[in-house]
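Report on one structure; see the data block that follows.
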Amino acid sequence: MIARTPSPDSLPPVALTIGEPAGIGPDIAGPAFDALQGEVPFFVIGDPAHLPDGTAYTEITAPADAPTAPSLPVLRHAFGTPRHPGQPQPDHARHVIDVIERAVDLTRAGKALAVCTNPIHKKALKDGAGFAFPGHTEFLAHLAGGADVVMMLACDELRVVPATIHIALADVPKALTRDLLAQVIRTTHQALIHDFGIPAPRIAVAGLNPHAGEGGAMGMDEIEMISPLLDDLRDDGIDLIGPQSADTMFHATARAGYDAAICMYHDQALIPIKTIDFAGGVNVTLGLPFVRTSPDHGTAFDIAGSGKADPSSLIAALRMAHQMGRSRWEQSA
């Protein structure tokens, strides 16, 4: 249970982790503050020494100080050594992990509204601290006690959820079990209600095969597993459309008919959203006991420290974290 102040109108700020200091996380924090000042209160957890030269910041001692800070609020977390943009530094690994844990602890204690994470470099974390998780999502699920989590990619025009993620296409049919797909759909349905404030979500579900199998001519997965599962979930009160042919699901008229789309594999979900809004997509982890968003890009070592990094995705991620956190807060107040 998240601790609360008496009034739901006095929302705490979003906690932003600095991520891999050698990446673009420190570069885009300041521009995000400039874009969101007065709209989305947030603070950075990290080492002020890692911010680019000339970045105006205010060192705070508690998250509650962030909304009134005149410049980028930073909750100090000393890393001990300088940042070298573009060069992964395993000696920073333990601090990067500690920052994530600190953001989660503050959020679960009600001192932060949500967690927004800048990108990490998994090899540097493994080399420097024996990090045993494939990425942020799995680590956050671990911190939440082993929660069943789902990845959503979202922008203003589209929300997509891939049922299977980073596996070979040849492995998708075996991985796509009835239990997995049911869990993904149920988690998405609950998140649309509680995190996005949609009382009666409409969810479109793609087929696995071209033309959703075309009555069995192009595969039996839809007939044997996907359609029967959707019928059972409809009986439980979930509004589902499909299985649909994925090539007709993502034009503007089709998108107007649903609140989120469940896709069967990585590219089926990510190609449409990255086509619609490449710079502004947000990675959202559903199923956690706290809100977590992230910009939908990596560390971008090739441009770190150059001043060329685009903060659009981080701005969108912070804005979405605030909106989702407010929805949870108000529904449970």
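We label chains A, B, ... in the order they appear in the structure tokens, count residues from 1 in each chain, and number ligands from 1 in the order shown.
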Using only C-alpha atoms, I'd like a table of the residues in stretch 1-83 of chain A that come within 10 Å of stretch 305-323 of chain A; for each, show the closest atom pair and its distance in Å rounded to one decimal, ordered by chain and ascending number, as CSV.
```
residue,atom,partner,partner_atom,distance
A:Leu11,CA,A:His322,CA,9.1
A:Pro12,CA,A:His322,CA,9.4
A:Pro13,CA,A:His322,CA,7.9
A:Val14,CA,A:His322,CA,6.5
A:Ala15,CA,A:Leu318,CA,9.0
A:Leu16,CA,A:Leu318,CA,8.0
A:Ala22,CA,A:Gly305,CA,8.2
A:Gly23,CA,A:Gly305,CA,7.8
A:Ile24,CA,A:Ala309,CA,6.6
A:Gly25,CA,A:Leu314,CA,9.0
A:Pro26,CA,A:Gly305,CA,8.5
A:Asp27,CA,A:Gly305,CA,6.6
A:Ile28,CA,A:Pro311,CA,5.1
A:Ala29,CA,A:Pro311,CA,7.7
A:Gly30,CA,A:Pro311,CA,9.0
A:Pro31,CA,A:Pro311,CA,6.6
A:Ala32,CA,A:Ile315,CA,5.3
A:Phe33,CA,A:Ile315,CA,8.3
A:Asp34,CA,A:Ile315,CA,9.8
A:Ala35,CA,A:Ile315,CA,7.4
A:Leu36,CA,A:Ile315,CA,7.3
A:Glu39,CA,A:Arg319,CA,8.3
A:Val40,CA,A:Arg319,CA,6.3
A:Pro41,CA,A:His322,CA,8.2
A:Phe42,CA,A:Leu318,CA,7.8
A:Leu51,CA,A:Gly305,CA,9.3
A:Pro52,CA,A:Gly305,CA,7.0
A:Asp53,CA,A:Gly305,CA,9.6
A:Arg83,CA,A:Gly305,CA,9.7
```
Write to file, as a JSON list (two decimals), in the first residue's frame, the residues of the selection just made, with C-alpha atoms.
```json
[["chain", "number", "residue", "atom", "x", "y", "z"],
["A", 11, "LEU", "CA", 0.52, 15.14, -5.84],
["A", 12, "PRO", "CA", 4.19, 14.31, -5.25],
["A", 13, "PRO", "CA", 6.65, 14.72, -8.14],
["A", 14, "VAL", "CA", 7.82, 12.03, -10.54],
["A", 15, "ALA", "CA", 11.20, 10.41, -9.79],
["A", 16, "LEU", "CA", 13.51, 10.38, -12.84],
["A", 22, "ALA", "CA", 27.77, 7.95, -20.17],
["A", 23, "GLY", "CA", 24.60, 7.95, -22.26],
["A", 24, "ILE", "CA", 22.20, 10.77, -23.06],
["A", 25, "GLY", "CA", 20.25, 10.64, -19.78],
["A", 26, "PRO", "CA", 22.15, 13.58, -18.25],
["A", 27, "ASP", "CA", 21.88, 15.50, -21.56],
["A", 28, "ILE", "CA", 18.09, 15.38, -21.87],
["A", 29, "ALA", "CA", 17.10, 15.95, -18.23],
["A", 30, "GLY", "CA", 17.59, 19.72, -18.36],
["A", 31, "PRO", "CA", 15.69, 20.26, -21.65],
["A", 32, "ALA", "CA", 12.86, 18.09, -20.29],
["A", 33, "PHE", "CA", 12.63, 20.31, -17.21],
["A", 34, "ASP", "CA", 12.51, 23.43, -19.39],
["A", 35, "ALA", "CA", 9.70, 21.92, -21.49],
["A", 36, "LEU", "CA", 7.61, 20.68, -18.55],
["A", 39, "GLU", "CA", 3.15, 21.18, -15.92],
["A", 40, "VAL", "CA", 4.88, 18.05, -14.62],
["A", 41, "PRO", "CA", 6.84, 18.29, -11.35],
["A", 42, "PHE", "CA", 9.77, 15.86, -11.34],
["A", 51, "LEU", "CA", 25.12, 17.02, -15.94],
["A", 52, "PRO", "CA", 26.48, 18.83, -19.00],
["A", 53, "ASP", "CA", 28.38, 22.03, -18.36],
["A", 83, "ARG", "CA", 31.26, 10.91, -16.51]]
```
Do you know which residues are at most 9 Å from stretch 283-289 of chain A counting only C-alpha atoms, after dropping those on the same chain fewer than 6 positions away, and could you put them as a ChimeraX atom specification?
-> /A:1-2,108,137,140-141,144,147-154,187-188,190-191,195,295-297,317,320-321
With N, CA, C and O atoms kept, could you save the residues just selected as an mmCIF file, in the first residue's frame?
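Below you can see result-v4.cif, which holds the result:
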```
data_model
loop_
_atom_site.group_PDB
_atom_site.id
_atom_site.type_symbol
_atom_site.label_atom_id
_atom_site.label_comp_id
_atom_site.auth_asym_id
_atom_site.auth_seq_id
_atom_site.Cartn_x
_atom_site.Cartn_y
_atom_site.Cartn_z
ATOM 1 N N MET A 1 0.845 -1.194 0.000
ATOM 2 C CA MET A 1 0.000 0.000 0.000
ATOM 3 C C MET A 1 0.877 1.239 0.000
ATOM 4 O O MET A 1 1.815 1.343 0.778
ATOM 5 N N ILE A 2 0.588 2.201 -0.907
ATOM 6 C CA ILE A 2 1.354 3.429 -0.984
ATOM 7 C C ILE A 2 0.843 4.411 0.065
ATOM 8 O O ILE A 2 -0.356 4.657 0.170
ATOM 9 N N ARG A 108 7.112 3.924 -3.776
ATOM 10 C CA ARG A 108 6.267 3.036 -2.969
ATOM 11 C C ARG A 108 5.968 3.636 -1.593
ATOM 12 O O ARG A 108 4.962 3.277 -0.970
ATOM 13 N N THR A 137 12.895 -3.801 -17.047
ATOM 14 C CA THR A 137 11.572 -4.353 -16.762
ATOM 15 C C THR A 137 11.651 -5.520 -15.789
ATOM 16 O O THR A 137 10.905 -5.583 -14.799
ATOM 17 N N LEU A 140 12.681 -4.336 -12.279
ATOM 18 C CA LEU A 140 11.564 -3.695 -11.581
ATOM 19 C C LEU A 140 10.547 -4.729 -11.109
ATOM 20 O O LEU A 140 9.994 -4.619 -10.011
ATOM 21 N N ALA A 141 10.299 -5.751 -11.927
ATOM 22 C CA ALA A 141 9.397 -6.822 -11.499
ATOM 23 C C ALA A 141 9.960 -7.531 -10.274
ATOM 24 O O ALA A 141 9.220 -7.894 -9.347
ATOM 25 N N ALA A 144 9.428 -5.556 -7.270
ATOM 26 C CA ALA A 144 8.012 -5.594 -6.888
ATOM 27 C C ALA A 144 7.590 -6.960 -6.371
ATOM 28 O O ALA A 144 6.395 -7.225 -6.217
ATOM 29 N N ALA A 147 6.311 -9.549 -9.760
ATOM 30 C CA ALA A 147 5.047 -9.244 -10.426
ATOM 31 C C ALA A 147 5.069 -9.718 -11.875
ATOM 32 O O ALA A 147 6.113 -9.730 -12.531
ATOM 33 N N ASP A 148 3.900 -10.131 -12.385
ATOM 34 C CA ASP A 148 3.739 -10.451 -13.802
ATOM 35 C C ASP A 148 3.567 -9.144 -14.559
ATOM 36 O O ASP A 148 2.579 -8.437 -14.381
ATOM 37 N N VAL A 149 4.545 -8.814 -15.381
ATOM 38 C CA VAL A 149 4.533 -7.504 -16.027
ATOM 39 C C VAL A 149 4.364 -7.642 -17.537
ATOM 40 O O VAL A 149 4.626 -8.693 -18.122
ATOM 41 N N VAL A 150 3.923 -6.549 -18.128
ATOM 42 C CA VAL A 150 3.649 -6.480 -19.558
ATOM 43 C C VAL A 150 4.249 -5.183 -20.077
ATOM 44 O O VAL A 150 4.170 -4.146 -19.410
ATOM 45 N N MET A 151 4.842 -5.220 -21.263
ATOM 46 C CA MET A 151 5.404 -4.018 -21.874
ATOM 47 C C MET A 151 4.401 -3.385 -22.820
ATOM 48 O O MET A 151 3.859 -4.051 -23.701
ATOM 49 N N MET A 152 4.150 -2.108 -22.615
ATOM 50 C CA MET A 152 3.321 -1.327 -23.539
ATOM 51 C C MET A 152 4.176 -0.227 -24.145
ATOM 52 O O MET A 152 4.996 0.383 -23.470
ATOM 53 N N LEU A 153 3.976 0.039 -25.429
ATOM 54 C CA LEU A 153 4.536 1.209 -26.088
ATOM 55 C C LEU A 153 3.367 2.131 -26.400
ATOM 56 O O LEU A 153 2.350 1.686 -26.946
ATOM 57 N N ALA A 154 3.507 3.398 -26.052
ATOM 58 C CA ALA A 154 2.369 4.312 -26.167
ATOM 59 C C ALA A 154 2.784 5.661 -26.702
ATOM 60 O O ALA A 154 3.882 6.160 -26.425
ATOM 61 N N THR A 187 -3.864 -8.075 -17.877
ATOM 62 C CA THR A 187 -3.029 -7.007 -17.311
ATOM 63 C C THR A 187 -3.248 -5.697 -18.053
ATOM 64 O O THR A 187 -3.339 -4.625 -17.445
ATOM 65 N N THR A 188 -3.344 -5.770 -19.374
ATOM 66 C CA THR A 188 -3.593 -4.574 -20.176
ATOM 67 C C THR A 188 -4.949 -3.970 -19.843
ATOM 68 O O THR A 188 -5.086 -2.744 -19.692
ATOM 69 N N GLN A 190 -6.711 -4.180 -17.054
ATOM 70 C CA GLN A 190 -6.689 -3.539 -15.745
ATOM 71 C C GLN A 190 -5.906 -2.225 -15.777
ATOM 72 O O GLN A 190 -6.292 -1.234 -15.148
ATOM 73 N N ALA A 191 -4.800 -2.201 -16.519
ATOM 74 C CA ALA A 191 -3.993 -0.980 -16.594
ATOM 75 C C ALA A 191 -4.746 0.142 -17.305
ATOM 76 O O ALA A 191 -4.642 1.313 -16.917
ATOM 77 N N ASP A 195 -4.671 2.914 -14.719
ATOM 78 C CA ASP A 195 -3.562 3.815 -15.033
ATOM 79 C C ASP A 195 -3.926 4.869 -16.076
ATOM 80 O O ASP A 195 -3.341 5.953 -16.083
ATOM 81 N N PRO A 295 11.607 6.629 -21.680
ATOM 82 C CA PRO A 295 11.694 6.987 -23.099
ATOM 83 C C PRO A 295 11.981 5.745 -23.928
ATOM 84 O O PRO A 295 12.670 4.827 -23.470
ATOM 85 N N ASP A 296 11.445 5.721 -25.135
ATOM 86 C CA ASP A 296 11.598 4.548 -25.984
ATOM 87 C C ASP A 296 12.840 4.674 -26.868
ATOM 88 O O ASP A 296 12.765 4.709 -28.089
ATOM 89 N N HIS A 297 13.993 4.802 -26.206
ATOM 90 C CA HIS A 297 15.266 4.799 -26.922
ATOM 91 C C HIS A 297 16.345 4.312 -25.972
ATOM 92 O O HIS A 297 16.115 4.155 -24.770
ATOM 93 N N ALA A 317 7.498 10.652 -21.785
ATOM 94 C CA ALA A 317 7.498 9.649 -20.719
ATOM 95 C C ALA A 317 7.197 10.273 -19.363
ATOM 96 O O ALA A 317 6.465 9.704 -18.545
ATOM 97 N N MET A 320 3.488 11.201 -19.327
ATOM 98 C CA MET A 320 2.641 10.019 -19.150
ATOM 99 C C MET A 320 2.749 9.463 -17.740
ATOM 100 O O MET A 320 1.760 9.022 -17.149
ATOM 101 N N ALA A 321 3.948 9.472 -17.157
ATOM 102 C CA ALA A 321 4.114 9.012 -15.773
ATOM 103 C C ALA A 321 3.242 9.838 -14.831
ATOM 104 O O ALA A 321 2.591 9.309 -13.920
#
```
Residue nearest A:Ser245 among A:Gly213, A:Glu20, A:Ile276, A:His266 (counting only C-alpha atoms) = A:Gly213
Could you check how far atom CA of A:Pro272 sits from atom CA of A:Ala204, in Å to one decimal?
-> 14.1 Å
Can you work out which one of A:Gly80, A:His92, A:Pro119, A:Glu59 has the shortest atom-to-atom distance to A:Thr299, counting only C-alpha atoms?
-> A:Pro119
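Shell of A:Arg94 at 10 Å, with only C-alpha atoms counted and residues fewer than 3 places along the chain excluded, is Phe79, Pro90, Asp91, Ile97, Asp98, Val99, Ala124, Leu125, Lys126, Gly128, Ala129, Gly130 and Phe131 of chain A.
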Those selected residues, please, written with N, CA, C and O atoms and delivered as an mmCIF file, in the first residue's frame.
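Result written to selection-v2.cif:
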```cif
data_model
loop_
_atom_site.group_PDB
_atom_site.id
_atom_site.type_symbol
_atom_site.label_atom_id
_atom_site.label_comp_id
_atom_site.auth_asym_id
_atom_site.auth_seq_id
_atom_site.Cartn_x
_atom_site.Cartn_y
_atom_site.Cartn_z
ATOM 1 N N PHE A 79 28.271 9.475 -7.468
ATOM 2 C CA PHE A 79 28.832 8.295 -8.141
ATOM 3 C C PHE A 79 30.330 8.157 -7.878
ATOM 4 O O PHE A 79 30.888 7.094 -8.093
ATOM 5 N N PRO A 90 31.745 0.581 -16.257
ATOM 6 C CA PRO A 90 31.288 -0.420 -15.289
ATOM 7 C C PRO A 90 31.440 0.012 -13.837
ATOM 8 O O PRO A 90 30.709 -0.473 -12.971
ATOM 9 N N ASP A 91 32.381 0.946 -13.567
ATOM 10 C CA ASP A 91 32.548 1.381 -12.179
ATOM 11 C C ASP A 91 31.350 2.193 -11.679
ATOM 12 O O ASP A 91 31.212 2.423 -10.480
ATOM 13 N N ILE A 97 22.308 1.051 -10.370
ATOM 14 C CA ILE A 97 21.322 0.139 -9.774
ATOM 15 C C ILE A 97 20.725 0.746 -8.508
ATOM 16 O O ILE A 97 19.501 0.695 -8.291
ATOM 17 N N ASP A 98 21.567 1.324 -7.675
ATOM 18 C CA ASP A 98 21.084 1.935 -6.430
ATOM 19 C C ASP A 98 20.101 3.072 -6.700
ATOM 20 O O ASP A 98 19.138 3.270 -5.948
ATOM 21 N N VAL A 99 20.347 3.835 -7.757
ATOM 22 C CA VAL A 99 19.442 4.932 -8.111
ATOM 23 C C VAL A 99 18.054 4.391 -8.474
ATOM 24 O O VAL A 99 17.031 4.958 -8.071
ATOM 25 N N ALA A 124 27.357 -2.982 -19.138
ATOM 26 C CA ALA A 124 28.125 -2.271 -18.119
ATOM 27 C C ALA A 124 27.661 -2.654 -16.721
ATOM 28 O O ALA A 124 28.477 -2.808 -15.797
ATOM 29 N N LEU A 125 26.347 -2.843 -16.556
ATOM 30 C CA LEU A 125 25.821 -3.249 -15.250
ATOM 31 C C LEU A 125 26.264 -4.673 -14.907
ATOM 32 O O LEU A 125 26.595 -4.969 -13.751
ATOM 33 N N LYS A 126 26.270 -5.525 -15.899
ATOM 34 C CA LYS A 126 26.711 -6.903 -15.655
ATOM 35 C C LYS A 126 28.198 -6.958 -15.331
ATOM 36 O O LYS A 126 28.622 -7.635 -14.387
ATOM 37 N N GLY A 128 30.106 -4.541 -14.187
ATOM 38 C CA GLY A 128 30.505 -3.789 -13.012
ATOM 39 C C GLY A 128 29.857 -4.208 -11.722
ATOM 40 O O GLY A 128 30.394 -3.954 -10.636
ATOM 41 N N ALA A 129 28.672 -4.864 -11.815
ATOM 42 C CA ALA A 129 27.956 -5.202 -10.581
ATOM 43 C C ALA A 129 27.274 -6.562 -10.643
ATOM 44 O O ALA A 129 26.452 -6.880 -9.777
ATOM 45 N N GLY A 130 27.588 -7.362 -11.658
ATOM 46 C CA GLY A 130 26.980 -8.685 -11.761
ATOM 47 C C GLY A 130 25.477 -8.643 -11.947
ATOM 48 O O GLY A 130 24.766 -9.557 -11.515
ATOM 49 N N PHE A 131 24.987 -7.607 -12.609
ATOM 50 C CA PHE A 131 23.539 -7.434 -12.826
ATOM 51 C C PHE A 131 22.990 -8.664 -13.536
ATOM 52 O O PHE A 131 23.436 -9.022 -14.631
#
```
Which residues come within 12 Å of A:Asn209, counting only C-alpha atoms, excluding same-chain residues fewer than 2 positions away, as a PyMOL selection string?
-> chain A and resi 169+172-173+206-207+211-223+226+243-247+263-265+268
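For the atom pair formed by atom CA of A:Ala304 and atom CA of A:Cys155, the distance is 24.5 Å, given to one decimal.
Separating atom CA of A:Ile203 from atom CA of A:Ala168 is a distance of 25.6 Å.
Of the residues listed (A:Ala56, A:Ala261, A:Ala49, A:Leu158), A:Leu158 shows the shortest atom-to-atom separation from A:Val282; distances use only C-alpha atoms.
With only C-alpha atoms as the atoms that count, the minimum distance from A:Met324 to the choices A:Leu143, A:Leu192, A:Ile165, A:Ala112 is reached by A:Leu192.
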Between A:His77, A:Lys111, A:His95, A:Arg159, smallest distance to A:Ala269 by only C-alpha atoms belongs to A:Arg159
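Distances from A:Ile100, A:Ile198, A:Met225, A:Ala69 to A:Ala182 were compared using only C-alpha atoms, and the smallest one belongs to A:Met225.
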If you run DSSP on the backbone, which residues of stretch 123-256 of chain A are helix (DSSP H, G or I), as an MDAnalysis selection string?
-> chainID A and resid 123:129 136:143 169:175 178:194 210:216 221:235 246:248 252:255
Residue subset to file, keeping C-alpha atoms, as a compact mmCIF listing (two decimals), in the first residue's frame:
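Result file part22.txt:
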```txt
# COMPACT_ATOMS: atom_id res chain seq x y z
CA LYS A 123 26.55 -5.00 -20.27
CA ALA A 124 28.13 -2.27 -18.12
CA LEU A 125 25.82 -3.25 -15.25
CA LYS A 126 26.71 -6.90 -15.66
CA ASP A 127 30.43 -6.23 -15.91
CA GLY A 128 30.50 -3.79 -13.01
CA ALA A 129 27.96 -5.20 -10.58
CA HIS A 136 14.93 -2.60 -16.50
CA THR A 137 11.57 -4.35 -16.76
CA GLU A 138 12.69 -7.62 -15.22
CA PHE A 139 14.59 -5.81 -12.46
CA LEU A 140 11.56 -3.69 -11.58
CA ALA A 141 9.40 -6.82 -11.50
CA HIS A 142 11.94 -8.34 -9.09
CA LEU A 143 11.80 -5.25 -6.87
CA LEU A 169 10.31 -15.02 -34.84
CA ALA A 170 10.64 -18.78 -35.25
CA ASP A 171 10.12 -19.19 -31.49
CA VAL A 172 6.95 -17.08 -31.27
CA PRO A 173 4.31 -19.80 -31.97
CA LYS A 174 5.66 -22.02 -29.18
CA ALA A 175 6.01 -19.13 -26.72
CA ARG A 178 -3.05 -19.50 -23.97
CA ASP A 179 -1.94 -18.66 -20.42
CA LEU A 180 0.54 -16.03 -21.59
CA LEU A 181 -1.92 -14.33 -23.91
CA ALA A 182 -4.63 -14.34 -21.24
CA GLN A 183 -2.27 -12.75 -18.72
CA VAL A 184 -1.21 -10.07 -21.20
CA ILE A 185 -4.81 -9.19 -22.07
CA ARG A 186 -5.99 -9.14 -18.44
CA THR A 187 -3.03 -7.01 -17.31
CA THR A 188 -3.59 -4.57 -20.18
CA HIS A 189 -7.31 -4.35 -19.40
CA GLN A 190 -6.69 -3.54 -15.75
CA ALA A 191 -3.99 -0.98 -16.59
CA LEU A 192 -6.26 0.84 -19.04
CA ILE A 193 -8.81 1.20 -16.23
CA HIS A 194 -6.52 2.11 -13.33
CA PRO A 210 -1.30 -13.18 -42.22
CA HIS A 211 -4.98 -12.20 -42.55
CA ALA A 212 -5.51 -13.70 -39.07
CA GLY A 213 -5.16 -17.15 -40.61
CA GLU A 214 -7.88 -16.56 -43.23
CA GLY A 215 -10.14 -19.27 -41.89
CA GLY A 216 -7.32 -21.76 -41.50
CA ASP A 221 -3.50 -20.63 -34.38
CA GLU A 222 -6.45 -18.24 -34.51
CA ILE A 223 -9.02 -21.04 -34.75
CA GLU A 224 -7.43 -23.40 -32.24
CA MET A 225 -6.26 -20.99 -29.53
CA ILE A 226 -6.70 -17.26 -30.02
CA SER A 227 -10.41 -17.06 -30.90
CA PRO A 228 -11.56 -19.48 -28.15
CA LEU A 229 -9.52 -17.57 -25.59
CA LEU A 230 -11.01 -14.24 -26.67
CA ASP A 231 -14.50 -15.72 -26.35
CA ASP A 232 -13.75 -16.84 -22.79
CA LEU A 233 -12.39 -13.42 -21.86
CA ARG A 234 -15.44 -11.74 -23.37
CA ASP A 235 -17.55 -13.88 -21.04
CA ALA A 246 -2.62 -6.96 -38.40
CA ASP A 247 -2.25 -5.20 -41.75
CA THR A 248 -5.63 -3.47 -41.33
CA ALA A 252 -6.45 6.15 -38.36
CA THR A 253 -10.03 4.90 -38.75
CA ALA A 254 -9.18 1.51 -37.26
CA ARG A 255 -7.31 3.07 -34.32
```
